[in-house]
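These notes are about the structure you will find just below.
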Amino acid sequence: MLVPVEWLKDYTNINVSVNEFCDRMIMSGSNLETVEYFGENIDKVVVGKILKIDKHPDADKLVVCQLEVGQEAPVQIVTGASNVFEGACVPVALHGSTIPGPLHGQPKQEGGSKIKKGKLRGVESFGMLCSASELGFEDKVIPVAHKDGIWILGEDYTIGQDIAEALELKMAVVDFEITPNRPDCLSMIGMAREAAATFKTELRYPDTACVNEQGNAAEHISVEIKKPELCKRYVARIVTDVKIEQSPWWLQKKLIAAGMRPINNIVDITNFVMLEYGQPLHAFDIRRIEENKIVVDTAEEGELFTTLDGTERKLTKDMLLIKDGKKGVAIAGVMGGMNSEIEPDTTTIVVESANFTGDSIRATSKKLALRTEASSRFEKGIDPNLCEDAADRVCRLIEILGAGTVCTGSVDVYPSVETAKTLDVRVDRINKVLGIQLTREDMIEILEGLEMKVSGEGNVLSVTPPTIRQDLEIEEDYIEEIARIYGYDRLPVTLPKSSTEARKSESRTLKDLARDTMCGLGANEIQTYSFCSPKSVDNVRIDEDAWERSFVKLINPLGEETSVMRTILTPNMMEVLGINYRRNIDAVKAFEIGNTFMANTADPSQLPEESDSMCIGIYGKEESFFTLKGMVVELLNVLGITDITFESESEYGVYHPGRCARIVLDDMELGIMGEVHPEVTEKYGIAARCYICELFFDNVLSKANREVIYKPLPKYPSTARDIALLVDETVPVGKIREIIKANGGKILEKVELFDVYRGKQIAEGKKSAAFNLTYRSEEMTLTEDDVAKVHNRVLEALKSELDAVLREM
């Protein structure tokens with residue numbers, strides 16, 4: 001919000017320097033971006049009058065002007081401007097002067113551009129005539145009347161007067177950052193209210209009372225709101241005998257300083273009041289309003305409408321449209337239509353001051369990719385009680401400028417009047433939160449300075465805010481108001497008092513332990529984005545009906561490649577491995593612990609499910625399935641998870657059939673691992689074997705056990721037996737281990753697989769699995785008979801359940 005300080009003084013007294021004003025406003029809670037000073041770097045530029053114009057003897061596009069500039073003799077200046085004429089008053093930069101804007105065809109100079117006398121095609125020129133841009137105005141705010149050519153001064157000024165003084169150009173403009181919860185500050189009155197509270201001065205409201213009204217507005221127009229849930233209020237006023245002309249300079253100057261381009265007196269007045277009150281307004285030519293009727297309703301689906309910028313736009317049925325008796329005339333809260341715009345011969349206008357719901361305007365503006373000063377204000381929410389005052393202010397300014405005759409009264413449709421809500425605020429609570437000792441009277445003074453009404457007695461303040469303050473909802477909001485006006489810099493600096501012990505959660509501790517373990521195993525941690533492409537699961541050969549495709553879709557994605565939330569980490573890991581492989585990294589060990597998200601397809605109204613997953617990925621000349629398996633086993637052991645089983649998996653598309661296993665504990669799946677399918681590695685540009693493990697980390701954490709139980713060293717010796725079992729190829733090694741453990745009794749201490757063999761000595765369809773069985777008793781030294789009894793029971797169980805045959809080692 002650009003706030004010219006001189007304009008702000010129209011509403012409250014600010015008798016301090018600009019620097020002090022900015023400092024005090026910052027300390028009272030107004031966020032400041034920058035301060036710009038208009039009129040700087042203007043020196044020896046004066047008001048001049050063109051006395052005579054002659055053609056240049058050697059250039060068709062140049063003319064030689066004789067100008068009166070307050071000196072004894074006229075000054076000769078050569079110019080190529082086509083809009084100059086004898087008798088015109090213009091800004092003249094004399095020899096040795098400085099102008100803030102760049103010279104034609106040259107970049108802008110720091111400190112301004114120096115003007116010196118010279119010759120143009122052989123004719124002396126003792127300065128230059130200035131355009132608006134050369135005087136420092138940005139192209140976007142230069143008045144329409146001065147966009148091209150030299151600035152022709154339209155009012156009477158003293159010849160030879162300094163141009164900065166004549167046009168009152170020297171002023172400071174403060175750019176405030178207005179947060180979304182304070183739409184009331186998107187106006188000069190709103191910022192004046194903040195300044196008045198900060199400096200404890202009186203707030204003055206603009207003059208809105210017309211003194212020469214004629215006729216009756218209701219005789220010219222009628223208003224109907226068909227969608228009251230989208231339009232809270234609509235005020236229409238009528239002005240007749242309108243004269244369309246250029247606005248006076250005082251009005252143009254304020255608009256320019258606030259970042260808006262002057263157009264004509266009627267448009268300028270509506271823009272001026274919008275900046276003044278924060279209430280957007282619009283003016284229609286009543287000749288274009290068929291049946292003299294305004295209807296607020298939604299558009300027809302696919303309806304075409306041409307806005308004031310000359311663009312034809314296709315509307316949807318949820319967009320609010322201002323219509324007359326037969327057609328649309330404006331997109332509500334966004335932009336008017338060309339079919340009802342003010343023309344040079346317009347004589348009667350309808351002044352619209354309406355209130356539209358922010359959600360509706362935001363959706364319309366976004367769909368149409370059309371954002372305006374009006375829509376940006378409606379989006380944040382505007383007090384409907386401003387409508388009448390703003391409409392009255394427009395009419396009063398039209399009357400002051402002599403731009404028309406205002407009709408008596410207005411057509412005001414206000415279905416549900418908005419009232420302020422009173423809230424009780426406790427005095428002791430305010431002091432306790434702020435750590436100060438303000439009296440009740442001090443608090444009342446601050447709140448009333450913000451135009452709030454305070455009643456009640458004792459410890460309770462019953463506060464009623466103005467309806468413009470839509471952000472005040474709970475007691476803490478009022479405590480903040482008192483704190484910022486009192487001064488954040490005056491609040492005592494104290495450390496928070498708390499006896500709460502800072503500690504990690506069990507989940508965080510286990511994650512950190514997992515990270516440390518993986519780093520200790522030589523892996524590097526990576527982090528990838530949670531947003532991904534729905535095609536990512538196609539790259540890893542996930543089935544069409546798999547749960548991994550239950551994506552959470554983003555409403556407003558940056559692009560298709562980041563349009564959904566990931567359900568698994570494997571595609572991200574493969575992308576990282578692929579990048580490293582393409583960059584000639586010979587071997588990689590990487591892991592990631594991250595969130596995954598899955599939509600509730602059974603009931604879309606329910607929130608998605610968010611889970612933790614862990615993915616480990618490796619490739620390299622020395623790496624294999626068993627390298628990855630060893631890392632997984634070690635990780636789970638560190639987390640206190642033992643006795644896991646690896647069940648063969650051949651249907652999961654990510655992995656090579658027969659080289660994949662699901663990791664299971666007590667019928668709970670902890671994850672899946674294996675060698676990545678060649679088709680997958682090819683898609684990621686990897687010409688080496690890759691191995692991936694995806695752990696469902698929430699399940700892992702639920703099974704983790706960090707409790708360490710002391711166990712003394714064994715007193716009695718152990719004895720070991722090696723067995724090689726001949727079994728069917730389809731028998732999982734994990735199943736053999738389970739049977740051995742189930743029949744080994746208390747003395748079976750450990751079972752380790754040390755070889756799986758397939759070869760010439762083994763029949764087709766068979767494999768040899770060799771295990772080392774360690775036996776030990778905690779109570780005595782085992783005899784050969786003790787071990788043989790248990791060992792034979794194990795072999796018999798293997799024979800009966802798996803038809804396993806003991807093979808000679």
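Chain identifiers are assigned as A, B, and so on, following the order in which chains appear in the structure tokens; residues are numbered from 1 within each chain, and ligands are numbered from 1 in order of appearance.
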
Could you go through segment 653-767 of chain A and tell me which residues DSSP, when run on the backbone, assigns to alpha helix (DSSP H), listing them as a list in words? Pro678, Glu679, Val680, Thr681, Glu682, Lys683, Phe697, Asp698, Asn699, Val700, Leu701, Ser702, Lys703, Val733, Gly734, Lys735, Ile736, Arg737, Glu738, Ile739, Ile740, Lys741, Ala742 and Asn743 of chain A

List every residue of segment 8-116 of chain A that has an atom at most 12 Å from any atom of segment 199-223 of chain A, and for each one report the closest atom pair and its distance in Å to one decimal, counting only C-alpha atoms, with rows sorted by chain and then by increasing residue number, as JSON lines.
```
{"residue": "A:Leu8", "atom": "CA", "partner": "A:Arg204", "partner_atom": "CA", "distance": 10.3}
{"residue": "A:Lys9", "atom": "CA", "partner": "A:Arg204", "partner_atom": "CA", "distance": 9.5}
{"residue": "A:Asp10", "atom": "CA", "partner": "A:Arg204", "partner_atom": "CA", "distance": 7.6}
{"residue": "A:Tyr11", "atom": "CA", "partner": "A:Arg204", "partner_atom": "CA", "distance": 4.6}
{"residue": "A:Thr12", "atom": "CA", "partner": "A:Leu203", "partner_atom": "CA", "distance": 5.1}
{"residue": "A:Asn13", "atom": "CA", "partner": "A:Thr201", "partner_atom": "CA", "distance": 6.4}
{"residue": "A:Ile14", "atom": "CA", "partner": "A:Phe199", "partner_atom": "CA", "distance": 7.6}
{"residue": "A:Asn15", "atom": "CA", "partner": "A:Phe199", "partner_atom": "CA", "distance": 9.4}
{"residue": "A:Val16", "atom": "CA", "partner": "A:Phe199", "partner_atom": "CA", "distance": 9.6}
{"residue": "A:Glu20", "atom": "CA", "partner": "A:Phe199", "partner_atom": "CA", "distance": 10.8}
{"residue": "A:Phe21", "atom": "CA", "partner": "A:Phe199", "partner_atom": "CA", "distance": 8.9}
{"residue": "A:Cys22", "atom": "CA", "partner": "A:Phe199", "partner_atom": "CA", "distance": 11.6}
{"residue": "A:Asp23", "atom": "CA", "partner": "A:Phe199", "partner_atom": "CA", "distance": 11.6}
{"residue": "A:Arg24", "atom": "CA", "partner": "A:Phe199", "partner_atom": "CA", "distance": 8.1}
{"residue": "A:Met25", "atom": "CA", "partner": "A:Phe199", "partner_atom": "CA", "distance": 8.9}
{"residue": "A:Met27", "atom": "CA", "partner": "A:Phe199", "partner_atom": "CA", "distance": 11.5}
{"residue": "A:Ser28", "atom": "CA", "partner": "A:Phe199", "partner_atom": "CA", "distance": 9.8}
```

How would the residues just chosen look if you wrote them out with N, CA, C and O atoms as an mmCIF file, in the first residue's frame?
```
data_model
loop_
_atom_site.group_PDB
_atom_site.id
_atom_site.type_symbol
_atom_site.label_atom_id
_atom_site.label_comp_id
_atom_site.auth_asym_id
_atom_site.auth_seq_id
_atom_site.Cartn_x
_atom_site.Cartn_y
_atom_site.Cartn_z
ATOM 1 N N LEU A 8 -1.785 11.695 3.618
ATOM 2 C CA LEU A 8 -2.200 11.169 4.924
ATOM 3 C C LEU A 8 -2.522 12.291 5.903
ATOM 4 O O LEU A 8 -3.406 12.158 6.764
ATOM 5 N N LYS A 9 -1.831 13.407 5.746
ATOM 6 C CA LYS A 9 -2.061 14.542 6.652
ATOM 7 C C LYS A 9 -3.438 15.167 6.476
ATOM 8 O O LYS A 9 -3.848 15.982 7.310
ATOM 9 N N ASP A 10 -4.140 14.835 5.400
ATOM 10 C CA ASP A 10 -5.513 15.329 5.235
ATOM 11 C C ASP A 10 -6.434 14.754 6.292
ATOM 12 O O ASP A 10 -7.515 15.313 6.556
ATOM 13 N N TYR A 11 -6.039 13.632 6.910
ATOM 14 C CA TYR A 11 -6.929 12.925 7.830
ATOM 15 C C TYR A 11 -6.453 12.948 9.279
ATOM 16 O O TYR A 11 -7.228 12.625 10.178
ATOM 17 N N THR A 12 -5.208 13.293 9.514
ATOM 18 C CA THR A 12 -4.694 13.390 10.883
ATOM 19 C C THR A 12 -3.435 14.242 10.884
ATOM 20 O O THR A 12 -2.748 14.366 9.859
ATOM 21 N N ASN A 13 -3.134 14.843 12.007
ATOM 22 C CA ASN A 13 -1.959 15.714 12.107
ATOM 23 C C ASN A 13 -0.708 14.880 12.386
ATOM 24 O O ASN A 13 -0.642 14.159 13.393
ATOM 25 N N ILE A 14 0.279 14.997 11.499
ATOM 26 C CA ILE A 14 1.555 14.298 11.683
ATOM 27 C C ILE A 14 2.649 15.350 11.608
ATOM 28 O O ILE A 14 3.082 15.747 10.524
ATOM 29 N N ASN A 15 3.066 15.836 12.770
ATOM 30 C CA ASN A 15 4.045 16.917 12.809
ATOM 31 C C ASN A 15 5.427 16.387 13.192
ATOM 32 O O ASN A 15 6.077 16.880 14.112
ATOM 33 N N VAL A 16 5.858 15.349 12.478
ATOM 34 C CA VAL A 16 7.188 14.774 12.721
ATOM 35 C C VAL A 16 7.851 14.551 11.365
ATOM 36 O O VAL A 16 7.209 14.601 10.317
ATOM 37 N N GLU A 20 11.024 9.743 11.471
ATOM 38 C CA GLU A 20 10.387 9.446 12.759
ATOM 39 C C GLU A 20 9.011 8.831 12.551
ATOM 40 O O GLU A 20 8.611 7.914 13.285
ATOM 41 N N PHE A 21 8.293 9.331 11.556
ATOM 42 C CA PHE A 21 6.987 8.746 11.248
ATOM 43 C C PHE A 21 7.121 7.256 10.931
ATOM 44 O O PHE A 21 6.383 6.424 11.457
ATOM 45 N N CYS A 22 8.098 6.919 10.098
ATOM 46 C CA CYS A 22 8.300 5.513 9.726
ATOM 47 C C CYS A 22 8.691 4.672 10.936
ATOM 48 O O CYS A 22 8.175 3.566 11.130
ATOM 49 N N ASP A 23 9.596 5.201 11.748
ATOM 50 C CA ASP A 23 10.044 4.448 12.928
ATOM 51 C C ASP A 23 8.887 4.178 13.883
ATOM 52 O O ASP A 23 8.732 3.047 14.380
ATOM 53 N N ARG A 24 8.075 5.166 14.131
ATOM 54 C CA ARG A 24 6.959 5.007 15.070
ATOM 55 C C ARG A 24 5.901 4.057 14.512
ATOM 56 O O ARG A 24 5.319 3.253 15.260
ATOM 57 N N MET A 25 5.666 4.130 13.215
ATOM 58 C CA MET A 25 4.666 3.248 12.604
ATOM 59 C C MET A 25 5.143 1.797 12.637
ATOM 60 O O MET A 25 4.352 0.864 12.850
ATOM 61 N N MET A 27 7.079 0.473 14.937
ATOM 62 C CA MET A 27 6.972 -0.004 16.311
ATOM 63 C C MET A 27 5.529 -0.221 16.746
ATOM 64 O O MET A 27 5.280 -0.933 17.710
ATOM 65 N N SER A 28 4.580 0.355 16.024
ATOM 66 C CA SER A 28 3.167 0.111 16.355
ATOM 67 C C SER A 28 2.559 -0.983 15.484
ATOM 68 O O SER A 28 1.349 -1.157 15.473
#
```

Restricting the calculation to only C-alpha atoms, which member of A:Arg193, A:Lys243, A:Lys44, A:Arg237 is positioned closest to Val92 of chain A? A:Lys44

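With only C-alpha atoms as the atoms that count, the residue of A:Trp7, A:Tyr652, A:Phe356, A:Phe646 with the shortest distance to Lys735 of chain A is A:Phe646.
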
Atom CA of Asp538 of chain A to atom CA of Met518 of chain A, distance in Å rounded to a single decimal: 28.6 Å

Which residues come within 7 Å of Gln76 of chain A, counting only C-alpha atoms, excluding same-chain residues fewer than 6 positions away, as a ChimeraX atom specification? /A:64-67,125-126

Residues near Ala599 of chain A, anyone? I mean within 10 Å using only C-alpha atoms, not counting same-chain ones fewer than 4 positions away, as a VMD selection string. chain A and resid 547 to 553 565 567 603 to 610

Restrict the selected residues to N, CA and C atoms and save them as a CSV table (one decimal), in the first residue's frame.
```csv
chain,number,residue,atom,x,y,z
A,547,TRP,N,-2.3,-50.3,-4.6
A,547,TRP,CA,-2.5,-49.3,-3.6
A,547,TRP,C,-1.5,-48.1,-3.8
A,548,GLU,N,-0.4,-48.4,-4.4
A,548,GLU,CA,0.6,-47.3,-4.6
A,548,GLU,C,0.1,-46.2,-5.5
A,549,ARG,N,-1.0,-46.4,-6.2
A,549,ARG,CA,-1.6,-45.4,-7.1
A,549,ARG,C,-2.7,-44.6,-6.4
A,550,SER,N,-2.8,-44.7,-5.1
A,550,SER,CA,-3.9,-44.0,-4.4
A,550,SER,C,-3.3,-42.6,-4.0
A,551,PHE,N,-3.1,-41.8,-5.0
A,551,PHE,CA,-2.4,-40.5,-4.8
A,551,PHE,C,-3.3,-39.5,-4.2
A,552,VAL,N,-2.7,-38.6,-3.4
A,552,VAL,CA,-3.3,-37.3,-3.0
A,552,VAL,C,-3.0,-36.3,-4.0
A,553,LYS,N,-4.0,-35.8,-4.7
A,553,LYS,CA,-3.8,-34.8,-5.8
A,553,LYS,C,-3.8,-33.4,-5.2
A,565,MET,N,1.1,-36.3,-4.3
A,565,MET,CA,2.0,-36.6,-3.2
A,565,MET,C,2.4,-38.1,-3.4
A,567,THR,N,3.5,-41.9,-2.7
A,567,THR,CA,3.0,-43.0,-1.9
A,567,THR,C,4.1,-43.9,-1.5
A,603,ASP,N,-13.4,-43.6,1.2
A,603,ASP,CA,-14.2,-42.5,1.6
A,603,ASP,C,-13.4,-41.2,1.4
A,604,PRO,N,-13.5,-40.6,0.2
A,604,PRO,CA,-12.8,-39.4,-0.2
A,604,PRO,C,-12.9,-38.2,0.8
A,605,SER,N,-14.0,-38.2,1.6
A,605,SER,CA,-14.3,-37.1,2.5
A,605,SER,C,-13.3,-37.2,3.7
A,606,GLN,N,-12.7,-38.3,3.9
A,606,GLN,CA,-11.8,-38.5,5.0
A,606,GLN,C,-10.4,-38.0,4.6
A,607,LEU,N,-9.6,-37.6,5.6
A,607,LEU,CA,-8.3,-37.1,5.4
A,607,LEU,C,-7.4,-38.2,4.9
A,608,PRO,N,-6.4,-37.8,4.0
A,608,PRO,CA,-5.4,-38.8,3.6
A,608,PRO,C,-4.6,-39.4,4.8
A,609,GLU,N,-4.0,-40.6,4.5
A,609,GLU,CA,-3.2,-41.2,5.5
A,609,GLU,C,-1.7,-40.8,5.3
A,610,GLU,N,-1.0,-40.3,6.3
A,610,GLU,CA,0.4,-39.9,6.2
A,610,GLU,C,1.2,-40.9,7.0
```

Selection: 6 Å around segment 332-347 of chain A, only C-alpha atoms, excl. self and same-chain fewer than 2 positions, as a PyMOL selection string: chain A and resi 240-242+244+284-285+288+306-308+320-322+329-330+374-375

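The list of residues with at least one atom within 10 Å of Asp359 of chain A, based on only C-alpha atoms and without residues fewer than 4 positions apart in the same chain, reads Leu230, Ala363, Thr364, Ser365, Phe378, Glu379, Lys380 and Gly381 of chain A.
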
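For segment 259-272 of chain A, the set of protein, DNA and RNA residues having any atom at most 6 Å away, when counting only C-alpha atoms and skipping those fewer than 3 positions along the same chain, is Val141, Ile142, Pro143, Val144, Glu245, Gln246, Ser247, Gln252, Leu255, Ile256, Leu275 and Leu281 of chain A.
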
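Using only C-alpha atoms, the smallest distance between any of A:Thr783, A:Asn743, A:Ser410, A:Asn41 and Gly112 of chain A comes from A:Asn41.
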
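When only C-alpha atoms are used to measure the gap to Thr464 of chain A, the shortest distance among A:Ala192, A:Val46, A:Leu521, A:Ile444 belongs to A:Ile444.
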
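Remark: for Lys61 of chain A, the closest of the candidate residues A:Val75, A:Leu401, A:Ile482, A:Ala81 is A:Ala81 (distances computed over only C-alpha atoms).
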